[in-house]
file structure08.cif (mmCIF, C-alpha atoms)
data_entry
loop_
_atom_site.group_PDB
_atom_site.id
_atom_site.type_symbol
_atom_site.label_atom_id
_atom_site.label_comp_id
_atom_site.auth_asym_id
_atom_site.auth_seq_id
_atom_site.Cartn_x
_atom_site.Cartn_y
_atom_site.Cartn_z
ATOM 1 C CA MET A 354 48.163 42.684 87.936
ATOM 2 C CA ARG A 355 45.180 42.126 85.656
ATOM 3 C CA GLN A 356 47.336 42.268 82.537
ATOM 4 C CA ALA A 357 50.007 40.034 84.062
ATOM 5 C CA THR A 358 47.438 37.443 85.139
ATOM 6 C CA ALA A 359 45.796 37.398 81.706
ATOM 7 C CA ALA A 360 49.180 37.131 79.977
ATOM 8 C CA SER A 361 50.219 34.230 82.220
ATOM 9 C CA ILE A 362 47.023 32.295 81.514
ATOM 10 C CA ARG A 363 47.285 32.919 77.767
ATOM 11 C CA TRP A 364 50.890 31.708 77.761
ATOM 12 C CA VAL A 365 49.832 28.480 79.520
ATOM 13 C CA LEU A 366 46.957 27.886 77.086
ATOM 14 C CA ASP A 367 49.197 28.566 74.073
ATOM 15 C CA GLU A 368 51.925 26.283 75.416
ATOM 16 C CA GLN A 369 49.458 23.447 75.988
ATOM 17 C CA ARG A 370 48.167 23.800 72.427
ATOM 18 C CA ARG A 371 51.753 23.845 71.146
ATOM 19 C CA ARG A 372 52.357 20.544 72.943
ATOM 20 C CA GLY A 373 49.321 18.991 71.246
ATOM 21 C CA GLU A 374 46.818 19.174 74.116
ATOM 22 C CA TRP A 375 43.332 18.790 72.640
ATOM 23 C CA GLU A 376 41.397 19.992 75.697
ATOM 24 C CA THR A 377 41.267 23.629 76.734
ATOM 25 C CA TYR A 378 41.766 23.959 80.475
ATOM 26 C CA ILE A 379 43.557 26.170 82.970
ATOM 27 C CA PRO A 380 45.910 24.201 85.250
ATOM 28 C CA THR A 381 46.969 25.218 88.738
ATOM 29 C CA GLY A 382 49.625 27.665 87.547
ATOM 30 C CA PRO A 383 52.262 28.419 84.914
ATOM 31 C CA GLY A 384 54.531 25.782 86.416
ATOM 32 C CA ASP A 385 51.900 23.100 85.778
ATOM 33 C CA VAL A 386 51.531 23.254 82.003
ATOM 34 C CA GLY A 387 49.763 20.094 80.842
ATOM 35 C CA ARG A 388 49.008 18.938 84.390
ATOM 36 C CA ARG A 389 45.436 17.751 83.953
ATOM 37 C CA ASP A 390 44.642 16.462 87.428
ATOM 38 C CA SER A 391 42.411 17.412 90.321
ATOM 39 C CA THR A 392 44.656 20.294 91.385
ATOM 40 C CA MET A 393 42.936 22.179 88.536
ATOM 41 C CA ILE A 394 40.165 22.937 91.049
ATOM 42 C CA GLY A 395 42.177 26.081 91.796
ATOM 43 C CA ALA A 396 40.889 27.530 88.518
ATOM 44 C CA ALA A 397 37.360 27.584 89.979
ATOM 45 C CA ALA A 398 38.511 30.663 91.898
ATOM 46 C CA TYR A 399 38.065 32.581 88.629
ATOM 47 C CA PHE A 400 34.350 32.458 89.456
ATOM 48 C CA HIS A 401 34.301 32.000 93.222
ATOM 49 C CA PRO A 402 35.520 33.855 95.120
ATOM 50 C CA LEU A 403 37.214 36.231 92.613
ATOM 51 C CA ARG A 404 34.249 36.747 90.229
ATOM 52 C CA LEU A 405 36.519 37.692 87.361
ATOM 53 C CA HIS A 406 33.777 36.630 84.939
ATOM 54 C CA LEU A 407 31.775 39.748 85.803
ATOM 55 C CA GLY A 408 32.564 42.363 83.214
ATOM 56 C CA GLY A 409 34.964 40.091 81.339
ATOM 57 C CA GLU A 410 37.891 41.246 83.456
ATOM 58 C CA LEU A 411 40.527 39.088 81.742
ATOM 59 C CA GLY A 412 39.041 38.828 78.243
ATOM 60 C CA ASP A 413 36.494 36.654 76.472
ATOM 61 C CA ASP A 414 39.066 34.020 75.513
ATOM 62 C CA ILE A 415 40.062 33.429 79.135
ATOM 63 C CA ASP A 416 36.428 33.447 80.215
ATOM 64 C CA ARG A 417 35.689 30.644 77.729
ATOM 65 C CA ALA A 418 38.736 28.713 78.925
ATOM 66 C CA ALA A 419 37.595 29.065 82.557
ATOM 67 C CA ARG A 420 34.143 27.711 81.691
ATOM 68 C CA TRP A 421 35.637 24.788 79.760
ATOM 69 C CA THR A 422 37.883 24.120 82.754
ATOM 70 C CA LEU A 423 34.806 23.704 84.953
ATOM 71 C CA ASP A 424 33.428 21.162 82.511
ATOM 72 C CA THR A 425 36.749 19.284 82.398
ATOM 73 C CA LEU A 426 36.760 19.150 86.196
ATOM 74 C CA TYR A 427 33.192 17.871 86.235
ATOM 75 C CA ALA A 428 33.759 15.229 83.577
ATOM 76 C CA ARG A 429 37.018 13.886 85.001
ATOM 77 C CA PHE A 430 36.796 14.326 88.774
ATOM 78 C CA VAL A 431 33.132 14.345 89.821
ATOM 79 C CA THR A 432 31.276 11.188 90.781
ATOM 80 C CA GLY A 433 28.640 12.798 92.955
ATOM 81 C CA GLY A 434 31.245 14.954 94.743
ATOM 82 C CA PHE A 435 34.629 16.300 93.698
ATOM 83 C CA ARG A 436 37.399 13.704 93.915
ATOM 84 C CA HIS A 437 40.704 15.347 94.869
ATOM 85 C CA GLU A 438 42.746 12.343 93.853
ATOM 86 C CA ALA A 439 45.997 14.190 93.223
ATOM 87 C CA ALA A 440 46.433 15.374 96.811
ATOM 88 C CA TRP A 441 43.992 13.698 99.201
ATOM 89 C CA ASN A 442 42.795 10.597 97.368
ATOM 90 C CA ALA A 443 39.384 11.418 98.805
ATOM 91 C CA TYR A 444 36.335 13.543 98.157
ATOM 92 C CA GLY A 445 36.582 17.186 99.207
ATOM 93 C CA PRO A 446 33.232 18.519 100.467
ATOM 94 C CA CYS A 447 34.637 22.051 100.655
ATOM 95 C CA LEU A 448 35.960 21.803 97.096
ATOM 96 C CA THR A 449 32.688 20.285 95.896
ATOM 97 C CA LEU A 450 30.891 23.340 97.257
ATOM 98 C CA GLN A 451 33.406 25.674 95.630
ATOM 99 C CA LEU A 452 32.782 23.969 92.302
ATOM 100 C CA ALA A 453 29.027 24.232 92.900
ATOM 101 C CA HIS A 454 29.436 27.949 93.611
ATOM 102 C CA ALA A 455 31.444 28.393 90.428
ATOM 103 C CA TYR A 456 28.696 26.688 88.432
ATOM 104 C CA LEU A 457 26.094 28.963 90.042
ATOM 105 C CA LEU A 458 28.004 32.045 88.889
ATOM 106 C CA ALA A 459 28.672 30.485 85.474
ATOM 107 C CA GLY A 460 24.915 29.939 85.041
ATOM 108 C CA ASN A 461 24.762 26.136 85.176
ATOM 109 C CA THR A 462 22.426 25.693 88.129
ATOM 110 C CA ALA A 463 21.636 22.054 87.295
ATOM 111 C CA ARG A 464 25.216 21.055 88.096
ATOM 112 C CA MET A 465 25.266 23.428 91.066
ATOM 113 C CA ASP A 466 22.169 21.697 92.417
ATOM 114 C CA ALA A 467 23.614 18.210 91.929
ATOM 115 C CA LEU A 468 26.866 19.089 93.694
ATOM 116 C CA LEU A 469 25.026 20.778 96.560
ATOM 117 C CA GLY A 470 22.723 17.777 96.965
ATOM 118 C CA TRP A 471 25.658 15.376 97.167
ATOM 119 C CA THR A 472 27.384 17.553 99.761
ATOM 120 C CA VAL A 473 24.322 17.787 101.996
ATOM 121 C CA ALA A 474 23.979 14.004 101.887
ATOM 122 C CA ALA A 475 27.694 13.652 102.683
ATOM 123 C CA SER A 476 27.113 15.380 106.024
ATOM 124 C CA LEU A 477 25.128 12.309 107.125
ATOM 125 C CA PRO A 478 27.160 9.423 105.686
ATOM 126 C CA ARG A 479 26.383 5.782 106.391
ATOM 127 C CA ALA A 480 28.727 2.825 106.077
ATOM 128 C CA ASP A 481 27.762 -0.782 106.722
ATOM 129 C CA ASP A 482 24.292 0.565 107.620
ATOM 130 C CA ARG A 483 25.749 2.663 110.418
ATOM 131 C CA VAL A 484 25.715 6.445 110.677
ATOM 132 C CA VAL A 485 29.312 7.663 110.439
ATOM 133 C CA ALA A 486 28.742 11.351 111.246
ATOM 134 C CA LEU A 487 25.798 13.476 112.315
ATOM 135 C CA GLY A 488 25.461 16.689 110.343
ATOM 136 C CA ALA A 489 29.144 17.502 109.799
ATOM 137 C CA TRP A 490 31.721 17.252 107.032
ATOM 138 C CA ASN A 491 35.215 15.827 107.116
ATOM 139 C CA GLU A 492 37.887 17.886 105.451
ATOM 140 C CA GLN A 493 38.363 14.780 103.303
ATOM 141 C CA HIS A 494 35.401 12.438 102.784
ATOM 142 C CA ALA A 495 37.057 9.048 102.280
ATOM 143 C CA PHE A 496 36.071 6.952 99.274
ATOM 144 C CA PRO A 497 35.424 3.838 101.454
ATOM 145 C CA VAL A 498 33.053 5.755 103.755
ATOM 146 C CA ALA A 499 31.306 7.463 100.836
ATOM 147 C CA SER A 500 30.802 4.174 98.994
ATOM 148 C CA GLY A 501 29.951 1.861 101.889
ATOM 149 C CA PHE A 502 33.397 0.280 101.381
ATOM 150 C CA ALA A 503 32.611 -0.618 97.778
ATOM 151 C CA GLU A 504 35.613 1.499 96.774
ATOM 152 C CA VAL A 505 38.856 1.087 98.702
ATOM 153 C CA PRO A 506 41.861 2.893 97.175
ATOM 154 C CA HIS A 507 45.071 0.967 96.627
ATOM 155 C CA ARG A 508 47.152 3.791 98.122
ATOM 156 C CA PRO A 509 46.816 5.818 101.357
ATOM 157 C CA TRP A 510 43.971 8.288 101.696
ATOM 158 C CA TYR A 511 43.080 11.126 104.037
ATOM 159 C CA MET A 512 40.161 11.550 106.429
ATOM 160 C CA GLY A 513 40.849 15.064 107.717
ATOM 161 C CA ASP A 514 39.388 16.998 110.602
ATOM 162 C CA ILE A 515 35.690 17.069 111.474
ATOM 163 C CA PRO A 516 33.709 19.284 111.694
ATOM 164 C CA HIS A 517 35.368 21.178 108.880
ATOM 165 C CA GLY A 518 34.822 24.937 109.139
ATOM 166 C CA TRP A 519 35.850 25.638 105.531
ATOM 167 C CA ALA A 520 33.097 23.369 104.225
ATOM 168 C CA ALA A 521 30.539 24.933 106.575
ATOM 169 C CA ALA A 522 31.537 28.413 105.419
ATOM 170 C CA GLU A 523 31.325 27.428 101.734
ATOM 171 C CA TYR A 524 27.862 25.984 102.364
ATOM 172 C CA LEU A 525 26.582 29.216 103.914
ATOM 173 C CA LEU A 526 28.154 31.395 101.223
ATOM 174 C CA LEU A 527 26.614 29.250 98.488
ATOM 175 C CA LEU A 528 23.129 29.348 99.993
ATOM 176 C CA ARG A 529 23.348 33.115 100.333
ATOM 177 C CA ASP A 530 24.340 33.566 96.680
ATOM 178 C CA ILE A 531 21.668 31.110 95.547
ATOM 179 C CA LEU A 532 19.140 33.533 97.063
ATOM 180 C CA PHE A 533 20.801 36.763 95.896
ATOM 181 C CA PHE A 534 24.155 38.360 95.241
ATOM 182 C CA GLU A 535 25.496 41.794 94.361
ATOM 183 C CA ALA A 536 27.461 43.037 91.361
ATOM 184 C CA ASP A 537 28.917 46.482 90.698
ATOM 185 C CA GLU A 538 30.977 46.266 87.541
ATOM 186 C CA ASP A 539 31.638 49.563 85.741
ATOM 187 C CA ARG A 540 29.809 51.488 88.457
ATOM 188 C CA ASP A 541 26.560 49.750 87.573
ATOM 189 C CA PRO A 542 25.243 48.449 90.918
ATOM 190 C CA HIS A 543 22.746 45.612 90.579
ATOM 191 C CA LEU A 544 21.369 42.650 92.494
ATOM 192 C CA TYR A 545 20.777 39.147 91.155
ATOM 193 C CA ILE A 546 17.511 37.852 92.590
ATOM 194 C CA ALA A 547 17.110 34.094 93.226
ATOM 195 C CA PRO A 548 19.820 33.191 90.676
ATOM 196 C CA GLY A 549 20.108 29.621 91.938
ATOM 197 C CA VAL A 550 16.538 28.883 92.989
ATOM 198 C CA ARG A 551 15.510 25.806 91.016
ATOM 199 C CA PRO A 552 11.901 24.839 90.185
ATOM 200 C CA HIS A 553 11.830 21.900 92.612
ATOM 201 C CA TRP A 554 12.801 24.270 95.423
ATOM 202 C CA VAL A 555 9.506 26.135 94.969
ATOM 203 C CA PRO A 556 6.621 23.740 94.264
ATOM 204 C CA ASP A 557 3.263 25.119 93.191
ATOM 205 C CA GLY A 558 1.990 27.662 95.706
ATOM 206 C CA GLU A 559 5.194 27.710 97.749
ATOM 207 C CA ARG A 560 7.420 30.720 98.420
ATOM 208 C CA VAL A 561 11.026 31.678 98.966
ATOM 209 C CA ALA A 562 11.744 34.797 101.007
ATOM 210 C CA VAL A 563 14.720 36.914 102.037
ATOM 211 C CA GLU A 564 14.234 39.379 104.869
ATOM 212 C CA CYS A 565 16.415 42.347 105.822
ATOM 213 C CA ALA A 566 19.625 40.824 104.435
ATOM 214 C CA PRO A 567 22.793 42.972 104.614
ATOM 215 C CA THR A 568 24.299 43.931 101.244
ATOM 216 C CA LEU A 569 27.582 45.342 99.974
ATOM 217 C CA PHE A 570 25.656 48.487 99.039
ATOM 218 C CA GLY A 571 25.172 49.473 102.675
ATOM 219 C CA ALA A 572 21.415 48.938 102.913
ATOM 220 C CA PRO A 573 19.344 45.787 103.491
ATOM 221 C CA PHE A 574 17.562 43.785 100.826
ATOM 222 C CA GLY A 575 14.483 41.589 100.936
ATOM 223 C CA TYR A 576 12.036 39.908 98.594
ATOM 224 C CA ARG A 577 9.280 37.282 98.405
ATOM 225 C CA LEU A 578 9.155 34.911 95.433
ATOM 226 C CA ALA A 579 6.033 32.858 94.702
ATOM 227 C CA HIS A 580 5.438 30.220 92.043
ATOM 228 C CA ASP A 581 2.116 29.497 90.329
ATOM 229 C CA ALA A 582 2.798 26.297 88.389
ATOM 230 C CA GLY A 583 -0.647 26.270 86.751
ATOM 231 C CA ALA A 584 -0.218 29.752 85.325
ATOM 232 C CA ARG A 585 3.486 29.094 84.710
ATOM 233 C CA ARG A 586 4.284 32.337 86.485
ATOM 234 C CA VAL A 587 6.867 33.534 89.005
ATOM 235 C CA SER A 588 5.962 36.611 91.053
ATOM 236 C CA VAL A 589 8.476 38.607 93.076
ATOM 237 C CA ASP A 590 7.715 41.343 95.608
ATOM 238 C CA ILE A 591 10.726 43.435 96.593
ATOM 239 C CA THR A 592 10.242 44.432 100.212
ATOM 240 C CA LEU A 593 13.553 46.202 100.920
ATOM 241 C CA SER A 594 16.292 47.447 98.650
ATOM 242 C CA PRO A 595 19.245 49.805 98.486
ATOM 243 C CA GLU A 596 18.563 52.937 96.447
ATOM 244 C CA GLN A 597 19.609 53.269 92.812
ATOM 245 C CA VAL A 598 20.291 49.559 92.420
ATOM 246 C CA ARG A 599 18.760 47.704 89.497
ATOM 247 C CA TYR A 600 17.837 44.007 89.440
ATOM 248 C CA VAL A 601 18.496 40.918 87.365
ATOM 249 C CA TYR A 602 16.286 37.848 87.724
ATOM 250 C CA PRO A 603 17.734 34.767 85.939
ATOM 251 C CA CYS A 604 14.615 32.653 85.418
ATOM 252 C CA ARG A 605 15.337 28.960 86.127
ATOM 253 C CA PHE A 606 11.770 27.728 85.598
ATOM 254 C CA GLY A 607 11.674 27.810 81.791
ATOM 255 C CA SER A 608 12.040 30.127 78.810
ATOM 256 C CA VAL A 609 10.716 33.600 79.559
ATOM 257 C CA ARG A 610 7.588 34.491 77.583
ATOM 258 C CA ALA A 611 6.445 37.773 79.140
ATOM 259 C CA VAL A 612 7.487 40.146 81.909
ATOM 260 C CA SER A 613 5.680 42.929 83.739
ATOM 261 C CA ALA A 614 7.032 45.276 86.399
ATOM 262 C CA ASP A 615 4.690 47.332 88.562
ATOM 263 C CA GLY A 616 1.921 46.689 86.032
ATOM 264 C CA ARG A 617 3.903 47.673 82.942
ATOM 265 C CA ALA A 618 5.249 45.366 80.245
ATOM 266 C CA VAL A 619 9.017 44.874 80.156
ATOM 267 C CA PRO A 620 10.858 43.816 76.976
ATOM 268 C CA VAL A 621 11.940 40.167 76.953
ATOM 269 C CA LEU A 622 15.635 39.960 76.136
ATOM 270 C CA GLY A 623 16.237 36.333 77.074
ATOM 271 C CA ASP A 624 15.925 34.365 80.283
ATOM 272 C CA ASP A 625 17.793 36.988 82.331
ATOM 273 C CA VAL A 626 15.118 39.505 83.255
ATOM 274 C CA HIS A 627 16.474 43.056 83.716
ATOM 275 C CA LEU A 628 14.481 45.452 85.886
ATOM 276 C CA PRO A 629 15.067 49.110 86.760
ATOM 277 C CA ALA A 630 15.892 50.451 90.203
ATOM 278 C CA GLY A 631 12.791 51.182 92.223
ATOM 279 C CA THR A 632 10.791 48.190 90.935
ATOM 280 C CA ARG A 633 8.502 46.928 93.691
ATOM 281 C CA ARG A 634 6.837 43.910 92.052
ATOM 282 C CA PHE A 635 7.429 41.956 88.879
ATOM 283 C CA GLU A 636 5.872 38.909 87.250
ATOM 284 C CA VAL A 637 7.538 36.510 84.834
ATOM 285 C CA ASP A 638 5.566 34.126 82.614
ATOM 286 C CA TYR A 639 7.521 31.181 81.272
ATOM 287 C CA VAL A 640 7.040 28.249 78.901
#

call {"tool": "encode", "arguments": {"input": "structure08.cif", "output": "structure tokens"}}
result
Amino acid sequence: MRQATAASIRWVLDEQRRRGEWETYIPTGPGDVGRRDSTMIGAAAYFHPLRLHLGGELGDDIDRAARWTLDTLYARFVTGGFRHEAAWNAYGPCLTLQLAHAYLLAGNTARMDALLGWTVAASLPRADDRVVALGAWNEQHAFPVASGFAEVPHRPWYMGDIPHGWAAAEYLLLLRDILFFEADEDRDPHLYIAPGVRPHWVPDGERVAVECAPTLFGAPFGYRLAHDAGARRVSVDITLSPEQVRYVYPCRFGSVRAVSADGRAVPVLGDDVHLPAGTRRFEVDYV
């Protein structure tokens, strides 16, 4: 299946180039060659929920195309949230969160943060200075409601059911992976710690904590992350962890300058900090 999927995507990309398409993007499927519309959101599944980017499952060329597809989606169909104009003619909170999740896994947490912020605000929309909903998402968030009736489409649009369970589930899954997620490619089990925690989430002296969280490795995980803005330092205490699982901390606060783990210096190999299994505390200095 892996080879067939990769071959299908490569055929689509080659056919689009043959037809003179200047953008590299993955459409909905092989029957949609050259269809550059909002149905392309289906390609976000490469990252979430399939996580085919881990280990380069389909090849580096397809991985690049998937990342460029995210950027095409963002440039063409995002004005705060994701506009599913091809099918709903409305915003899709659930699809906005899927795109945010894809950007988290692709490493662009600035866009993840912007999409998440829009979606949270969309759960409390106001129109004509009146609250339209209280803490819930429509399946389709209508352009008129989202814009205070500044934008009214010329063709029919959808409103959808409310509350929308898909959107609620995507929200919870995204928050969980912002705090940590597992990976086990090539029998190399590891945990990503705070991969989506942005600097403004942890002001000076504040903390983020995970306690006794279930993992795919069969044992709970927990940590406490603290930020010292004056020292430009992030400190992480690992309080619970599965055995024989290493860690990756993608630092989102700045460029990594120095790392120590349990009092010993760790080589700096970029802004993704790699730490061995059994680490109990590590500190990251950034610039």

call {"tool": "resolve_selection", "arguments": {"input": "structure08.cif", "expression": "the PyMOL selection byres ((chain A and resi 402) around 10)", "output": "PDB file with C-alpha atoms, keeping the file's coordinate frame"}}
result
ATOM      1  CA  ALA A 397      37.360  27.584  89.979  1.00  0.00           C
ATOM      2  CA  ALA A 398      38.511  30.663  91.898  1.00  0.00           C
ATOM      3  CA  TYR A 399      38.065  32.581  88.629  1.00  0.00           C
ATOM      4  CA  PHE A 400      34.350  32.458  89.456  1.00  0.00           C
ATOM      5  CA  HIS A 401      34.301  32.000  93.222  1.00  0.00           C
ATOM      6  CA  LEU A 403      37.214  36.231  92.613  1.00  0.00           C
ATOM      7  CA  ARG A 404      34.249  36.747  90.229  1.00  0.00           C
ATOM      8  CA  LEU A 405      36.519  37.692  87.361  1.00  0.00           C
ATOM      9  CA  GLN A 451      33.406  25.674  95.630  1.00  0.00           C
ATOM     10  CA  HIS A 454      29.436  27.949  93.611  1.00  0.00           C
ATOM     11  CA  ALA A 455      31.444  28.393  90.428  1.00  0.00           C
ATOM     12  CA  LEU A 458      28.004  32.045  88.889  1.00  0.00           C
ATOM     13  CA  LEU A 526      28.154  31.395 101.223  1.00  0.00           C
TER      14      LEU A 526
END

call {"tool": "residues_around", "arguments": {"input": "structure08.cif", "residues": "Phe430 (chain A)", "least_positions_apart": "6", "cutoff": "8 Å", "atoms": "all atoms listed in the file", "output": "count of residues only"}}
result
3

call {"tool": "resolve_selection", "arguments": {"input": "structure08.cif", "expression": "the PyMOL selection byres ((chain A and resi 510) around 10)", "output": "list in words"}}
result
Glu438, Ala440, Trp441, Asn442, Ala443, Tyr444, Gln493, His494, Ala495, Phe496, Pro497, Val505, Pro506, His507, Arg508, Pro509, Tyr511, Met512 and Gly513 of chain A

call {"tool": "resolve_selection", "arguments": {"input": "structure08.cif", "expression": "the PyMOL selection byres ((chain A and resi 558) around 7)", "output": "list in words"}}
result
Pro556, Asp557, Glu559, Arg560, Ala579, His580 and Asp581 of chain A

call {"tool": "closest_atom_pairs", "arguments": {"input": "structure08.cif", "of": "region 433-544 of chain A", "to": "region 601-621 of chain A", "cutoff": "9 Å", "atoms": "all atoms listed in the file", "output": "tab-separated table"}}
result
residue	atom	partner	partner_atom	distance
A:Gly460	CA	A:Pro603	CA	8.7
A:Thr462	CA	A:Arg605	CA	8.1
A:His543	CA	A:Val601	CA	7.1
A:Leu544	CA	A:Val601	CA	6.1

call {"tool": "write_last_selection", "arguments": {"input": "structure08.cif", "atoms": "C-alpha atoms", "output": "compact mmCIF listing (two decimals), in the frame of the given file"}}
result
# COMPACT_ATOMS: atom_id res chain seq x y z
CA GLY A 460 24.92 29.94 85.04
CA THR A 462 22.43 25.69 88.13
CA HIS A 543 22.75 45.61 90.58
CA LEU A 544 21.37 42.65 92.49

call {"tool": "closest_residue", "arguments": {"input": "structure08.cif", "among": "A:Leu411, A:Gly631, A:His553, A:Val637", "to": "Arg355 (chain A)", "atoms": "only C-alpha atoms"}}
result
A:Leu411

call {"tool": "closest_residue", "arguments": {"input": "structure08.cif", "among": "A:Ala522, A:Ile515, A:Val484, A:Ala630", "to": "Val498 (chain A)", "atoms": "only C-alpha atoms"}}
result
A:Val484

call {"tool": "residues_around", "arguments": {"input": "structure08.cif", "residues": "Thr425 (chain A)", "least_positions_apart": "2", "cutoff": "9 Å", "atoms": "only C-alpha atoms", "output": "mmCIF file with C-alpha atoms, keeping the file's coordinate frame"}}
result
data_model
loop_
_atom_site.group_PDB
_atom_site.id
_atom_site.type_symbol
_atom_site.label_atom_id
_atom_site.label_comp_id
_atom_site.auth_asym_id
_atom_site.auth_seq_id
_atom_site.Cartn_x
_atom_site.Cartn_y
_atom_site.Cartn_z
ATOM 1 C CA GLU A 376 41.397 19.992 75.697
ATOM 2 C CA THR A 377 41.267 23.629 76.734
ATOM 3 C CA TYR A 378 41.766 23.959 80.475
ATOM 4 C CA ARG A 389 45.436 17.751 83.953
ATOM 5 C CA ARG A 420 34.143 27.711 81.691
ATOM 6 C CA TRP A 421 35.637 24.788 79.760
ATOM 7 C CA THR A 422 37.883 24.120 82.754
ATOM 8 C CA LEU A 423 34.806 23.704 84.953
ATOM 9 C CA TYR A 427 33.192 17.871 86.235
ATOM 10 C CA ALA A 428 33.759 15.229 83.577
ATOM 11 C CA ARG A 429 37.018 13.886 85.001
ATOM 12 C CA PHE A 430 36.796 14.326 88.774
#
